[in-house]
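Worksheet: one structure, shown below.
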Amino acid sequence: MVDIDVVVVGAGQAGLSSSYFLTRAGIDHVVLDRSPRPGGAWQFRWPSLTLGAAHRVHDLPGLPLGVADTARPSSEVVSEYFAAYERTFGLPVRRPVEVRAVREGAGGRLAVETAAGDWSARALVNATGTWDRPFWPRYPGQETFRGRQLHTVGYTRAEEFAGERVVVVGAGASAVQLLMEIAEVAAGTTWVSRRPPVFREGPFDEEAGRTAVARVDARVRAGLPPGSVVGATGYPVTPRVRAAMAAGVLDRLPMFDRIVPEGVVWDDGRSAGADVILWATGFRPAIGHLAPLGLREPGGGIRVEDTVAVRDPRVLLAGYGPSASTIGANRAGRTVARHVRRLLAGPLAA
């Protein structure tokens, strides 16, 4: 087992930001990333999601993204940017390394078990995001469907749906983006969601941003599963969205009641035939490896205050809850480093 002051789990925006500020503070740490290459979750996004179509990617601290080609896939642009960031600052990233569990260790330390050996740390920064935990709802009859079912994580390009009848489930940004793409080639599309989608007219100002973040922050302070910061902001009404609205593509139906072999049905007698069901139903935080520490509250989430897990202040969460947005992840990195400095200067200091 290797002794170290801090283990950072995940090398997405929150993990890189945390590593940057820990490096500046002279704190010995390692970043363990399960992905095969730099880029965080961005490297897995579908090719048609261009940089211009994606939610804004905020600059990482100390190295601006600069002027990038907005027509290029965001997966390529962001992966190249993250790789350059790691090189520029010599961040101690090791990959691919999967963290299997974090447990109570000896002498007040944390034991971090990985597929590539174990670490003993005085603090742990969890920056694992959500991409590895796609949420698949369960509905009656789901196993009887004769067509294909996939989640957003399995989406590659619209052309694979050419000539098919597609039901898109979800009310978030991914659902809207993929629905508009698929509608151009599909035989027909049906859009359903549990909650009505929220569209936003006009610019998204700082006050609206603070309100959205505060809403999510209140949830994690209460120990509830975090909501989505992006979901709380609403989807911007662009010219493309207006055109889709006018064409009826974005006419949303309430959630169906059950799935049948040939499609979906509602209890009021309505039905929609389908060859494919695309579950654009979001993600959950990838925090299963923290389970041995017993951090979850009765409400189902980890209670977090200013990035610190209330049940165990040795554990900090960056990119969780209010810091899940790209700008929030950057700010969390600075906050994490501040708390780690205080922690290492405490009773466990050598």
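Following the order of the structure tokens, chains are lettered A, B, ..., residues in each are numbered from 1, and ligands are numbered from 1.
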
Among the residues of range 15-59 of chain A, find those DSSP assigns to helix (DSSP H, G or I) from the backbone and print them as a short mmCIF file (atom, residue, chain, number, x, y, z; two decimals) with N, CA and C atoms, in the first residue's frame.
data_model
loop_
_atom_site.label_atom_id
_atom_site.label_comp_id
_atom_site.auth_asym_id
_atom_site.auth_seq_id
_atom_site.Cartn_x
_atom_site.Cartn_y
_atom_site.Cartn_z
N GLY A 15 -11.85 17.12 -11.23
CA GLY A 15 -10.62 16.49 -10.77
C GLY A 15 -9.38 17.26 -11.18
N LEU A 16 -9.36 17.75 -12.42
CA LEU A 16 -8.20 18.52 -12.89
C LEU A 16 -8.09 19.84 -12.15
N SER A 17 -9.21 20.50 -11.93
CA SER A 17 -9.18 21.75 -11.18
C SER A 17 -8.66 21.52 -9.77
N SER A 18 -9.13 20.44 -9.12
CA SER A 18 -8.66 20.13 -7.77
C SER A 18 -7.17 19.85 -7.77
N SER A 19 -6.70 19.08 -8.75
CA SER A 19 -5.28 18.75 -8.84
C SER A 19 -4.43 20.01 -9.06
N TYR A 20 -4.94 20.91 -9.87
CA TYR A 20 -4.22 22.16 -10.13
C TYR A 20 -3.99 22.94 -8.83
N PHE A 21 -5.04 23.11 -8.05
CA PHE A 21 -4.91 23.89 -6.81
C PHE A 21 -4.13 23.13 -5.74
N LEU A 22 -4.24 21.81 -5.70
CA LEU A 22 -3.43 21.02 -4.77
C LEU A 22 -1.95 21.13 -5.13
N THR A 23 -1.66 21.11 -6.43
CA THR A 23 -0.28 21.25 -6.90
C THR A 23 0.28 22.61 -6.50
N ARG A 24 -0.51 23.66 -6.71
CA ARG A 24 -0.06 25.01 -6.35
C ARG A 24 0.20 25.12 -4.85
N GLY A 40 -12.15 13.26 -19.53
CA GLY A 40 -13.29 13.03 -18.66
C GLY A 40 -14.44 12.42 -19.43
N ALA A 41 -15.67 12.74 -19.05
CA ALA A 41 -16.84 12.20 -19.73
C ALA A 41 -16.98 12.74 -21.15
N TRP A 42 -16.35 13.89 -21.41
CA TRP A 42 -16.47 14.49 -22.74
C TRP A 42 -15.97 13.55 -23.84
N GLN A 43 -14.97 12.75 -23.55
CA GLN A 43 -14.40 11.88 -24.60
C GLN A 43 -15.40 10.86 -25.11
N PHE A 44 -16.48 10.62 -24.36
CA PHE A 44 -17.46 9.61 -24.75
C PHE A 44 -18.70 10.20 -25.42
#

key: Every residue of range 149-306 of chain A that DSSP places in strand (DSSP E), as a PyMOL selection string   = chain A and resi 149-151+165-169+188-193+199-200+235-236+252-254+258-260+263-265+271-273+276-279+304-305

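If only C-alpha atoms are the atoms counted, then among A:Ala127, A:Ala222, A:Val153, A:Met1 the closest residue to Gly299 in chain A is A:Ala222.
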
What's the 8 Å shell around range 86-100 of chain A, counting only C-alpha atoms, without same-chain residues fewer than 4 positions away, as a PDB file with all heavy atoms, in the first residue's frame?
ATOM      1  N   VAL A   9     -10.026  11.149  -7.120  1.00  0.00           N
ATOM      2  CA  VAL A   9     -10.627  10.111  -7.960  1.00  0.00           C
ATOM      3  C   VAL A   9     -11.372  10.793  -9.105  1.00  0.00           C
ATOM      4  O   VAL A   9     -12.372  11.473  -8.882  1.00  0.00           O
ATOM      5  CB  VAL A   9     -11.592   9.226  -7.162  1.00  0.00           C
ATOM      6  CG1 VAL A   9     -12.085   8.072  -8.036  1.00  0.00           C
ATOM      7  CG2 VAL A   9     -10.917   8.692  -5.906  1.00  0.00           C
ATOM      8  N   ALA A  11     -10.531  12.393 -13.392  1.00  0.00           N
ATOM      9  CA  ALA A  11      -9.762  13.447 -14.052  1.00  0.00           C
ATOM     10  C   ALA A  11     -10.602  14.200 -15.069  1.00  0.00           C
ATOM     11  O   ALA A  11     -10.135  14.549 -16.149  1.00  0.00           O
ATOM     12  CB  ALA A  11      -8.515  12.860 -14.714  1.00  0.00           C
ATOM     13  N   LEU A  16      -9.362  17.751 -12.417  1.00  0.00           N
ATOM     14  CA  LEU A  16      -8.198  18.516 -12.886  1.00  0.00           C
ATOM     15  C   LEU A  16      -8.087  19.844 -12.152  1.00  0.00           C
ATOM     16  O   LEU A  16      -6.979  20.273 -11.803  1.00  0.00           O
ATOM     17  CB  LEU A  16      -8.300  18.751 -14.394  1.00  0.00           C
ATOM     18  CG  LEU A  16      -8.218  17.508 -15.283  1.00  0.00           C
ATOM     19  CD1 LEU A  16      -8.277  17.905 -16.753  1.00  0.00           C
ATOM     20  CD2 LEU A  16      -6.950  16.709 -15.006  1.00  0.00           C
ATOM     21  N   SER A  19      -6.698  19.081  -8.755  1.00  0.00           N
ATOM     22  CA  SER A  19      -5.277  18.753  -8.838  1.00  0.00           C
ATOM     23  C   SER A  19      -4.433  20.006  -9.056  1.00  0.00           C
ATOM     24  O   SER A  19      -3.347  20.147  -8.486  1.00  0.00           O
ATOM     25  CB  SER A  19      -5.044  17.751  -9.963  1.00  0.00           C
ATOM     26  OG  SER A  19      -3.678  17.401 -10.058  1.00  0.00           O
ATOM     27  N   TYR A  20      -4.942  20.913  -9.867  1.00  0.00           N
ATOM     28  CA  TYR A  20      -4.217  22.163 -10.128  1.00  0.00           C
ATOM     29  C   TYR A  20      -3.992  22.940  -8.833  1.00  0.00           C
ATOM     30  O   TYR A  20      -2.863  23.368  -8.542  1.00  0.00           O
ATOM     31  CB  TYR A  20      -5.014  23.011 -11.124  1.00  0.00           C
ATOM     32  CG  TYR A  20      -4.496  24.414 -11.305  1.00  0.00           C
ATOM     33  CD1 TYR A  20      -3.448  24.691 -12.173  1.00  0.00           C
ATOM     34  CD2 TYR A  20      -5.073  25.486 -10.604  1.00  0.00           C
ATOM     35  CE1 TYR A  20      -2.981  25.993 -12.350  1.00  0.00           C
ATOM     36  CE2 TYR A  20      -4.612  26.789 -10.770  1.00  0.00           C
ATOM     37  CZ  TYR A  20      -3.570  27.036 -11.642  1.00  0.00           C
ATOM     38  OH  TYR A  20      -3.107  28.323 -11.810  1.00  0.00           O
ATOM     39  N   THR A  23      -1.661  21.110  -6.430  1.00  0.00           N
ATOM     40  CA  THR A  23      -0.282  21.248  -6.901  1.00  0.00           C
ATOM     41  C   THR A  23       0.281  22.610  -6.503  1.00  0.00           C
ATOM     42  O   THR A  23       1.418  22.717  -6.013  1.00  0.00           O
ATOM     43  CB  THR A  23      -0.209  21.067  -8.422  1.00  0.00           C
ATOM     44  OG1 THR A  23      -0.655  19.746  -8.761  1.00  0.00           O
ATOM     45  CG2 THR A  23       1.214  21.248  -8.933  1.00  0.00           C
ATOM     46  N   HIS A  29      -0.144  14.490  -3.937  1.00  0.00           N
ATOM     47  CA  HIS A  29      -1.393  13.824  -4.300  1.00  0.00           C
ATOM     48  C   HIS A  29      -1.227  13.060  -5.600  1.00  0.00           C
ATOM     49  O   HIS A  29      -0.247  13.215  -6.325  1.00  0.00           O
ATOM     50  CB  HIS A  29      -2.522  14.850  -4.433  1.00  0.00           C
ATOM     51  CG  HIS A  29      -2.411  15.730  -5.646  1.00  0.00           C
ATOM     52  ND1 HIS A  29      -1.506  16.775  -5.724  1.00  0.00           N
ATOM     53  CD2 HIS A  29      -3.077  15.727  -6.841  1.00  0.00           C
ATOM     54  CE1 HIS A  29      -1.627  17.378  -6.899  1.00  0.00           C
ATOM     55  NE2 HIS A  29      -2.568  16.755  -7.601  1.00  0.00           N
ATOM     56  N   VAL A  30      -2.215  12.221  -5.870  1.00  0.00           N
ATOM     57  CA  VAL A  30      -2.279  11.483  -7.119  1.00  0.00           C
ATOM     58  C   VAL A  30      -3.712  11.554  -7.625  1.00  0.00           C
ATOM     59  O   VAL A  30      -4.652  11.621  -6.833  1.00  0.00           O
ATOM     60  CB  VAL A  30      -1.832  10.014  -6.936  1.00  0.00           C
ATOM     61  CG1 VAL A  30      -2.812   9.259  -6.042  1.00  0.00           C
ATOM     62  CG2 VAL A  30      -1.683   9.312  -8.279  1.00  0.00           C
ATOM     63  N   VAL A  31      -3.876  11.566  -8.946  1.00  0.00           N
ATOM     64  CA  VAL A  31      -5.202  11.568  -9.559  1.00  0.00           C
ATOM     65  C   VAL A  31      -5.392  10.222 -10.249  1.00  0.00           C
ATOM     66  O   VAL A  31      -4.632   9.863 -11.149  1.00  0.00           O
ATOM     67  CB  VAL A  31      -5.355  12.703 -10.590  1.00  0.00           C
ATOM     68  CG1 VAL A  31      -6.772  12.709 -11.167  1.00  0.00           C
ATOM     69  CG2 VAL A  31      -5.017  14.052  -9.969  1.00  0.00           C
ATOM     70  N   LEU A  32      -6.379   9.472  -9.818  1.00  0.00           N
ATOM     71  CA  LEU A  32      -6.662   8.154 -10.386  1.00  0.00           C
ATOM     72  C   LEU A  32      -7.883   8.258 -11.298  1.00  0.00           C
ATOM     73  O   LEU A  32      -8.966   8.624 -10.858  1.00  0.00           O
ATOM     74  CB  LEU A  32      -6.918   7.145  -9.268  1.00  0.00           C
ATOM     75  CG  LEU A  32      -5.825   7.037  -8.206  1.00  0.00           C
ATOM     76  CD1 LEU A  32      -6.211   6.014  -7.137  1.00  0.00           C
ATOM     77  CD2 LEU A  32      -4.483   6.672  -8.834  1.00  0.00           C
ATOM     78  N   ASP A  33      -7.680   7.942 -12.567  1.00  0.00           N
ATOM     79  CA  ASP A  33      -8.736   8.098 -13.558  1.00  0.00           C
ATOM     80  C   ASP A  33      -8.987   6.779 -14.265  1.00  0.00           C
ATOM     81  O   ASP A  33      -8.055   6.165 -14.794  1.00  0.00           O
ATOM     82  CB  ASP A  33      -8.328   9.164 -14.579  1.00  0.00           C
ATOM     83  CG  ASP A  33      -9.441   9.503 -15.555  1.00  0.00           C
ATOM     84  OD1 ASP A  33     -10.608   9.536 -15.131  1.00  0.00           O
ATOM     85  OD2 ASP A  33      -9.138   9.741 -16.736  1.00  0.00           O
ATOM     86  N   ARG A  34     -10.234   6.344 -14.304  1.00  0.00           N
ATOM     87  CA  ARG A  34     -10.546   5.056 -14.903  1.00  0.00           C
ATOM     88  C   ARG A  34     -10.646   5.113 -16.422  1.00  0.00           C
ATOM     89  O   ARG A  34     -10.660   4.075 -17.084  1.00  0.00           O
ATOM     90  CB  ARG A  34     -11.846   4.500 -14.334  1.00  0.00           C
ATOM     91  CG  ARG A  34     -13.088   5.278 -14.698  1.00  0.00           C
ATOM     92  CD  ARG A  34     -14.349   4.571 -14.212  1.00  0.00           C
ATOM     93  NE  ARG A  34     -14.539   3.299 -14.874  1.00  0.00           N
ATOM     94  CZ  ARG A  34     -15.533   2.462 -14.618  1.00  0.00           C
ATOM     95  NH1 ARG A  34     -16.407   2.761 -13.669  1.00  0.00           N
ATOM     96  NH2 ARG A  34     -15.668   1.335 -15.269  1.00  0.00           N
ATOM     97  N   SER A  35     -10.734   6.305 -16.996  1.00  0.00           N
ATOM     98  CA  SER A  35     -10.871   6.436 -18.444  1.00  0.00           C
ATOM     99  C   SER A  35      -9.562   6.106 -19.157  1.00  0.00           C
ATOM    100  O   SER A  35      -8.478   6.261 -18.583  1.00  0.00           O
ATOM    101  CB  SER A  35     -11.309   7.850 -18.816  1.00  0.00           C
ATOM    102  OG  SER A  35     -12.580   8.140 -18.266  1.00  0.00           O
ATOM    103  N   PRO A  36      -9.639   5.693 -20.420  1.00  0.00           N
ATOM    104  CA  PRO A  36      -8.421   5.299 -21.140  1.00  0.00           C
ATOM    105  C   PRO A  36      -7.533   6.458 -21.545  1.00  0.00           C
ATOM    106  O   PRO A  36      -6.338   6.277 -21.810  1.00  0.00           O
ATOM    107  CB  PRO A  36      -8.963   4.576 -22.379  1.00  0.00           C
ATOM    108  CG  PRO A  36     -10.327   5.160 -22.585  1.00  0.00           C
ATOM    109  CD  PRO A  36     -10.855   5.434 -21.206  1.00  0.00           C
ATOM    110  N   ARG A  37      -8.082   7.682 -21.594  1.00  0.00           N
ATOM    111  CA  ARG A  37      -7.307   8.829 -22.065  1.00  0.00           C
ATOM    112  C   ARG A  37      -7.882  10.109 -21.449  1.00  0.00           C
ATOM    113  O   ARG A  37      -8.957  10.084 -20.849  1.00  0.00           O
ATOM    114  CB  ARG A  37      -7.358   8.912 -23.590  1.00  0.00           C
ATOM    115  CG  ARG A  37      -8.755   8.956 -24.163  1.00  0.00           C
ATOM    116  CD  ARG A  37      -8.778   8.800 -25.668  1.00  0.00           C
ATOM    117  NE  ARG A  37     -10.144   8.830 -26.170  1.00  0.00           N
ATOM    118  CZ  ARG A  37     -10.955   7.786 -26.223  1.00  0.00           C
ATOM    119  NH1 ARG A  37     -10.529   6.611 -25.786  1.00  0.00           N
ATOM    120  NH2 ARG A  37     -12.181   7.899 -26.696  1.00  0.00           N
ATOM    121  N   PHE A  82      -8.020  19.047 -22.250  1.00  0.00           N
ATOM    122  CA  PHE A  82      -7.687  18.419 -20.972  1.00  0.00           C
ATOM    123  C   PHE A  82      -6.298  17.782 -21.026  1.00  0.00           C
ATOM    124  O   PHE A  82      -5.536  17.837 -20.055  1.00  0.00           O
ATOM    125  CB  PHE A  82      -8.734  17.363 -20.619  1.00  0.00           C
ATOM    126  CG  PHE A  82     -10.027  17.927 -20.075  1.00  0.00           C
ATOM    127  CD1 PHE A  82     -10.319  19.281 -20.162  1.00  0.00           C
ATOM    128  CD2 PHE A  82     -10.965  17.100 -19.471  1.00  0.00           C
ATOM    129  CE1 PHE A  82     -11.505  19.802 -19.672  1.00  0.00           C
ATOM    130  CE2 PHE A  82     -12.150  17.602 -18.966  1.00  0.00           C
ATOM    131  CZ  PHE A  82     -12.431  18.951 -19.074  1.00  0.00           C
ATOM    132  N   VAL A 112      -7.657   3.254  -0.026  1.00  0.00           N
ATOM    133  CA  VAL A 112      -8.232   3.368  -1.368  1.00  0.00           C
ATOM    134  C   VAL A 112      -7.822   2.141  -2.166  1.00  0.00           C
ATOM    135  O   VAL A 112      -6.650   1.977  -2.514  1.00  0.00           O
ATOM    136  CB  VAL A 112      -7.750   4.659  -2.065  1.00  0.00           C
ATOM    137  CG1 VAL A 112      -8.412   4.804  -3.433  1.00  0.00           C
ATOM    138  CG2 VAL A 112      -8.029   5.878  -1.193  1.00  0.00           C
ATOM    139  N   GLU A 113      -8.792   1.284  -2.449  1.00  0.00           N
ATOM    140  CA  GLU A 113      -8.522   0.033  -3.146  1.00  0.00           C
ATOM    141  C   GLU A 113      -8.764   0.211  -4.641  1.00  0.00           C
ATOM    142  O   GLU A 113      -9.832   0.657  -5.055  1.00  0.00           O
ATOM    143  CB  GLU A 113      -9.427  -1.072  -2.600  1.00  0.00           C
ATOM    144  CG  GLU A 113      -9.245  -1.319  -1.105  1.00  0.00           C
ATOM    145  CD  GLU A 113     -10.256  -2.311  -0.558  1.00  0.00           C
ATOM    146  OE1 GLU A 113     -11.068  -2.831  -1.353  1.00  0.00           O
ATOM    147  OE2 GLU A 113     -10.239  -2.551   0.663  1.00  0.00           O
ATOM    148  N   THR A 114      -7.763  -0.133  -5.436  1.00  0.00           N
ATOM    149  CA  THR A 114      -7.884   0.025  -6.877  1.00  0.00           C
ATOM    150  C   THR A 114      -7.460  -1.253  -7.585  1.00  0.00           C
ATOM    151  O   THR A 114      -6.861  -2.158  -6.985  1.00  0.00           O
ATOM    152  CB  THR A 114      -7.019   1.184  -7.406  1.00  0.00           C
ATOM    153  OG1 THR A 114      -5.680   0.731  -7.643  1.00  0.00           O
ATOM    154  CG2 THR A 114      -6.997   2.349  -6.438  1.00  0.00           C
ATOM    155  N   ALA A 115      -7.741  -1.291  -8.871  1.00  0.00           N
ATOM    156  CA  ALA A 115      -7.352  -2.441  -9.680  1.00  0.00           C
ATOM    157  C   ALA A 115      -5.854  -2.453  -9.945  1.00  0.00           C
ATOM    158  O   ALA A 115      -5.320  -3.441 -10.452  1.00  0.00           O
ATOM    159  CB  ALA A 115      -8.109  -2.407 -11.008  1.00  0.00           C
ATOM    160  N   ALA A 116      -5.173  -1.377  -9.584  1.00  0.00           N
ATOM    161  CA  ALA A 116      -3.727  -1.283  -9.831  1.00  0.00           C
ATOM    162  C   ALA A 116      -2.954  -1.093  -8.533  1.00  0.00           C
ATOM    163  O   ALA A 116      -1.899  -0.468  -8.511  1.00  0.00           O
ATOM    164  CB  ALA A 116      -3.440  -0.122 -10.789  1.00  0.00           C
ATOM    165  N   HIS A 289     -18.192   3.473  -4.906  1.00  0.00           N
ATOM    166  CA  HIS A 289     -16.945   3.084  -4.239  1.00  0.00           C
ATOM    167  C   HIS A 289     -16.809   3.699  -2.848  1.00  0.00           C
ATOM    168  O   HIS A 289     -15.988   3.260  -2.041  1.00  0.00           O
ATOM    169  CB  HIS A 289     -15.743   3.494  -5.105  1.00  0.00           C
ATOM    170  CG  HIS A 289     -15.761   4.937  -5.502  1.00  0.00           C
ATOM    171  ND1 HIS A 289     -16.611   5.435  -6.444  1.00  0.00           N
ATOM    172  CD2 HIS A 289     -15.027   5.989  -5.067  1.00  0.00           C
ATOM    173  CE1 HIS A 289     -16.417   6.740  -6.585  1.00  0.00           C
ATOM    174  NE2 HIS A 289     -15.472   7.100  -5.754  1.00  0.00           N
TER     175      HIS A 289
END

What's the 8 Å shell around Gly172 in chain A, counting only C-alpha atoms, without same-chain residues fewer than 4 positions away, as a short mmCIF file (atom, residue, chain, number, x, y, z; two decimals) with N, CA, C and O atoms, in the first residue's frame?
data_model
loop_
_atom_site.label_atom_id
_atom_site.label_comp_id
_atom_site.auth_asym_id
_atom_site.auth_seq_id
_atom_site.Cartn_x
_atom_site.Cartn_y
_atom_site.Cartn_z
N VAL A 176 -33.60 16.74 -25.81
CA VAL A 176 -33.93 17.73 -26.84
C VAL A 176 -32.96 17.65 -28.00
O VAL A 176 -33.36 17.63 -29.18
N PRO A 197 -40.83 19.78 -20.12
CA PRO A 197 -39.52 20.40 -20.31
C PRO A 197 -39.57 21.89 -19.99
O PRO A 197 -40.64 22.51 -20.07
N GLY A 231 -30.18 21.11 -15.58
CA GLY A 231 -31.62 20.93 -15.69
C GLY A 231 -32.38 22.08 -15.06
O GLY A 231 -33.48 22.43 -15.50
N TYR A 235 -33.68 24.93 -21.03
CA TYR A 235 -33.01 24.74 -22.32
C TYR A 235 -33.21 25.99 -23.17
O TYR A 235 -34.34 26.46 -23.34
N ALA A 280 -33.25 8.96 -22.64
CA ALA A 280 -32.41 10.13 -22.34
C ALA A 280 -32.78 10.62 -20.94
O ALA A 280 -33.24 11.75 -20.74
N THR A 281 -32.59 9.73 -19.98
CA THR A 281 -33.15 9.91 -18.64
C THR A 281 -32.10 10.29 -17.59
O THR A 281 -32.34 10.17 -16.40
N GLY A 282 -30.96 10.74 -18.06
CA GLY A 282 -29.99 11.28 -17.13
C GLY A 282 -29.12 10.26 -16.43
O GLY A 282 -29.06 9.08 -16.79
#

request  = With a distance cut-off of 12 Å and only C-alpha atoms, select the neighbouring residues of Asp69 in chain A, excluding the residue or stretch itself and same-chain residues fewer than 3 positions from it, and output the selection as a ChimeraX atom specification.
outcome  = /A:50-53,65-66,72-74,76-78

ask   = Residues at most 7 Å from Gly223 in chain A, counting only C-alpha atoms, excluding those fewer than 3 positions away in the same chain, as a ChimeraX atom specification?
value = /A:219-220,297,299-303

ask   = Between A:Ala106, A:Asp5, A:Phe199, A:Tyr139, which is the closest to Thr238 in chain A once you count only C-alpha atoms?
value =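 The answer is A:Phe199, which sits nearest to Thr238 in chain A.
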
Give one line per residue of range 111-168 of chain A that approaches range 256-272 of chain A to at most 6 Å, naming the two atoms of the closest pair and their distance in Å to one decimal, counting only C-alpha atoms; sort by chain then ascending residue number and deliver it as a Markdown table.
| residue | atom | partner | partner_atom | distance |
| --- | --- | --- | --- | --- |
| A:Tyr139 | CA | A:Arg258 | CA | 5.8 |
| A:Pro140 | CA | A:Arg258 | CA | 4.9 |
| A:Gly141 | CA | A:Ile259 | CA | 4.8 |
| A:Gln142 | CA | A:Ile259 | CA | 5.3 |
| A:Thr144 | CA | A:Pro261 | CA | 5.1 |
| A:Phe145 | CA | A:Pro261 | CA | 3.9 |
| A:Arg146 | CA | A:Pro261 | CA | 5.0 |

Create the file for the chosen residues now, containing N, CA, C and O atoms and written as a tab-separated table (two decimals), in the first residue's frame.
chain	number	residue	atom	x	y	z
A	139	TYR	N	-40.31	0.27	-16.33
A	139	TYR	CA	-41.75	0.39	-16.60
A	139	TYR	C	-42.32	-0.97	-16.90
A	139	TYR	O	-41.63	-1.85	-17.45
A	140	PRO	N	-43.59	-1.18	-16.55
A	140	PRO	CA	-44.22	-2.48	-16.80
A	140	PRO	C	-44.12	-2.86	-18.28
A	140	PRO	O	-44.33	-2.04	-19.17
A	141	GLY	N	-43.78	-4.12	-18.53
A	141	GLY	CA	-43.70	-4.62	-19.88
A	141	GLY	C	-42.41	-4.33	-20.61
A	141	GLY	O	-42.26	-4.69	-21.79
A	142	GLN	N	-41.47	-3.70	-19.94
A	142	GLN	CA	-40.23	-3.29	-20.60
A	142	GLN	C	-39.50	-4.47	-21.24
A	142	GLN	O	-38.92	-4.35	-22.32
A	144	THR	N	-40.71	-7.00	-22.58
A	144	THR	CA	-41.44	-7.60	-23.71
A	144	THR	C	-41.21	-6.86	-25.03
A	144	THR	O	-41.58	-7.37	-26.09
A	145	PHE	N	-40.59	-5.70	-24.97
A	145	PHE	CA	-40.43	-4.87	-26.17
A	145	PHE	C	-39.58	-5.59	-27.21
A	145	PHE	O	-38.49	-6.08	-26.93
A	146	ARG	N	-40.07	-5.65	-28.44
A	146	ARG	CA	-39.38	-6.38	-29.50
A	146	ARG	C	-38.29	-5.54	-30.17
A	146	ARG	O	-37.44	-6.08	-30.88

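Of the residues under consideration (A:Val2, A:Leu124, A:Ala274, A:Ala286), A:Ala274 shows the shortest atom-to-atom contact distance to Ala186 in chain A when counting only C-alpha atoms.
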
ask   = Leaving out Ala309 in chain A and any residue of its chain fewer than 5 positions from it, which residues lie within 12 Å of it when counting only C-alpha atoms, given as number ranges by chain?
value = A: 123-126, 220-223, 290, 293-297, 301-304, 314-318, 320-321, 336, 339

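Of the residues under consideration (A:Ser174, A:Ser193, A:Ser120, A:Thr152), A:Thr152 shows the shortest atom-to-atom contact distance to Arg133 in chain A when counting only C-alpha atoms.
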